[in-house]
Amino acid sequence: MTFSIVARSTDGRLHGVAVASKFLAAGALVPAAEAEVGAIATQAHVNLAYRPQGLALLRTGVAAADVVAGLVAADPGRDDRQLGVVAATGDGATWTGPRCHPWAGGQAGDGWAAQGNILAGPQVIDAIRDAWLGGAELPFPQRLLAALHAGDRAGGDRRGRQSAGLLVVQRHGGYAGTDDTLVDLRVDDHPDPVTELRRLLDTHTMLFGKPDPATLRDLAGPLADEVAALLAAAGHPVDAAGLDDALASWAGVENLEERLVPGRIDPIVLDHLRRTAPAARTVPVARASG
């Protein structure tokens, strides 16, 4: 009832799963991942025990193909299951039980595996594969989502659309570096869940993505004056603590604190401030470089 891709980034630092299905909240059941260990998708007649058991095997260095072999060998319901696994190194692996509803199947290669059942046809997996292999220039979460989107547009689940999910892990990649969950987004019930998941990922990236050092601007001169005026209009005036503190106060309200760099400003933060501050239309926009 589902199609998915499990994958590892080229540098091996990120692992993730993207999934879509005509099934309520597939993202709550299908994916599991552990930073620098591996990722798993369990689907068709989901066996939730595959997730902790598979990650435990991957943690000890077992190859993806051997994880799949071990899990299905011990499972009397394997003929109705589907499974994808990728490890810290090597090829991904996939299993499709002979009793999965057609069309059902999967493909795997270096650092990825794609699988699906009750699909419009094998072209769905072909599209996922091609988009994954052709998307190496994309950031890892966007690359996973592009592959999922390609499968969806190639026909996806032949019964229709309902849910989608994206899970990506990276060591200390979570909020403020306090855990390893870089992205964990779900669309549980929606007429176009993959498109909605893309919107959520765009929002997530805007709020929680790390600023590009090459684009940061110095908070000095006319730009500093503009930012101070906008902050004051938004209710965060600059006081003795200085501009950085006022900006941090505003950014905390706007959920943009992950994009702050002392003494500088991310263009994404600046654009949001310009668009949302009450005086945004009346404060002159500084054009000086910084």
# chains A, B, ... in the order shown; residues from 1 in each chain; ligands from 1
>>> closest_atom_pairs(of="segment 127-188 of chain A", to="segment 253-267 of chain A", cutoff="10 Å", atoms="only C-alpha atoms", output="tab-separated table")
residue	atom	partner	partner_atom	distance
A:Tyr175	CA	A:Glu258	CA	7.9
A:Ala176	CA	A:Glu258	CA	6.9
A:Gly177	CA	A:Glu258	CA	10.0
>>> write_last_selection(atoms="N, CA, C and O atoms", output="compact mmCIF listing (two decimals), in the first residue's frame")
# COMPACT_ATOMS: atom_id res chain seq x y z
N TYR A 175 17.41 20.04 16.47
CA TYR A 175 17.26 21.40 16.92
C TYR A 175 18.35 21.77 17.93
O TYR A 175 18.53 21.07 18.93
N ALA A 176 19.07 22.85 17.64
CA ALA A 176 20.15 23.35 18.49
C ALA A 176 21.22 22.29 18.77
O ALA A 176 21.94 22.37 19.76
N GLY A 177 21.30 21.28 17.91
CA GLY A 177 22.30 20.23 18.07
C GLY A 177 22.05 19.30 19.23
O GLY A 177 22.95 18.55 19.65
>>> closest_atom_pairs(of="segment 138-162 of chain A", to="segment 22-40 of chain A", cutoff="10 Å", atoms="only C-alpha atoms", output="JSON lines")
{"residue": "A:Gly156", "atom": "CA", "partner": "A:Lys22", "partner_atom": "CA", "distance": 9.2}
{"residue": "A:Asp157", "atom": "CA", "partner": "A:Lys22", "partner_atom": "CA", "distance": 6.4}
{"residue": "A:Arg158", "atom": "CA", "partner": "A:Lys22", "partner_atom": "CA", "distance": 8.5}
{"residue": "A:Arg159", "atom": "CA", "partner": "A:Lys22", "partner_atom": "CA", "distance": 6.4}
{"residue": "A:Gly160", "atom": "CA", "partner": "A:Lys22", "partner_atom": "CA", "distance": 5.6}
{"residue": "A:Arg161", "atom": "CA", "partner": "A:Lys22", "partner_atom": "CA", "distance": 4.7}
{"residue": "A:Gln162", "atom": "CA", "partner": "A:Lys22", "partner_atom": "CA", "distance": 4.6}
>>> write_last_selection(atoms="C-alpha atoms", output="PDB file, in the first residue's frame")
ATOM      1  CA  GLY A 156       2.448   6.042  -7.220  1.00  0.00           C
ATOM      2  CA  ASP A 157      -0.051   4.021  -5.225  1.00  0.00           C
ATOM      3  CA  ARG A 158      -2.662   2.904  -7.760  1.00  0.00           C
ATOM      4  CA  ARG A 159      -5.457   3.445  -5.221  1.00  0.00           C
ATOM      5  CA  GLY A 160      -4.708   7.155  -4.838  1.00  0.00           C
ATOM      6  CA  ARG A 161      -3.011   9.470  -2.365  1.00  0.00           C
ATOM      7  CA  GLN A 162      -3.412  10.051   1.359  1.00  0.00           C
TER       8      GLN A 162
END
>>> select_by_dssp(residues="segment 54-98 of chain A", states="strand (DSSP E)", output="PyMOL selection string")
chain A and resi 81-87+93-96
>>> write_last_selection(atoms="C-alpha atoms", output="short mmCIF file (atom, residue, chain, number, x, y, z; two decimals), in the first residue's frame")
data_model
loop_
_atom_site.label_atom_id
_atom_site.label_comp_id
_atom_site.auth_asym_id
_atom_site.auth_seq_id
_atom_site.Cartn_x
_atom_site.Cartn_y
_atom_site.Cartn_z
CA ARG A 81 5.87 -7.90 3.91
CA GLN A 82 8.04 -5.37 2.13
CA LEU A 83 11.29 -4.02 3.49
CA GLY A 84 14.06 -1.63 2.50
CA VAL A 85 17.35 -1.19 4.34
CA VAL A 86 20.46 0.93 3.90
CA ALA A 87 23.52 0.67 6.16
CA ALA A 93 18.77 -4.01 0.05
CA THR A 94 15.07 -4.60 -0.50
CA TRP A 95 12.58 -7.43 0.01
CA THR A 96 9.14 -7.96 -1.52
#
>>> residues_around(residues="Ala164 of chain A", least_positions_apart="3", cutoff="10 Å", atoms="only C-alpha atoms", output="JSON, numbers by chain")
{"A": [2, 3, 4, 18, 19, 20, 21, 22, 23, 24, 25, 26, 27, 28, 145, 148, 161, 185, 186, 187, 188, 189, 190, 192, 193, 194, 195, 196, 197, 198]}
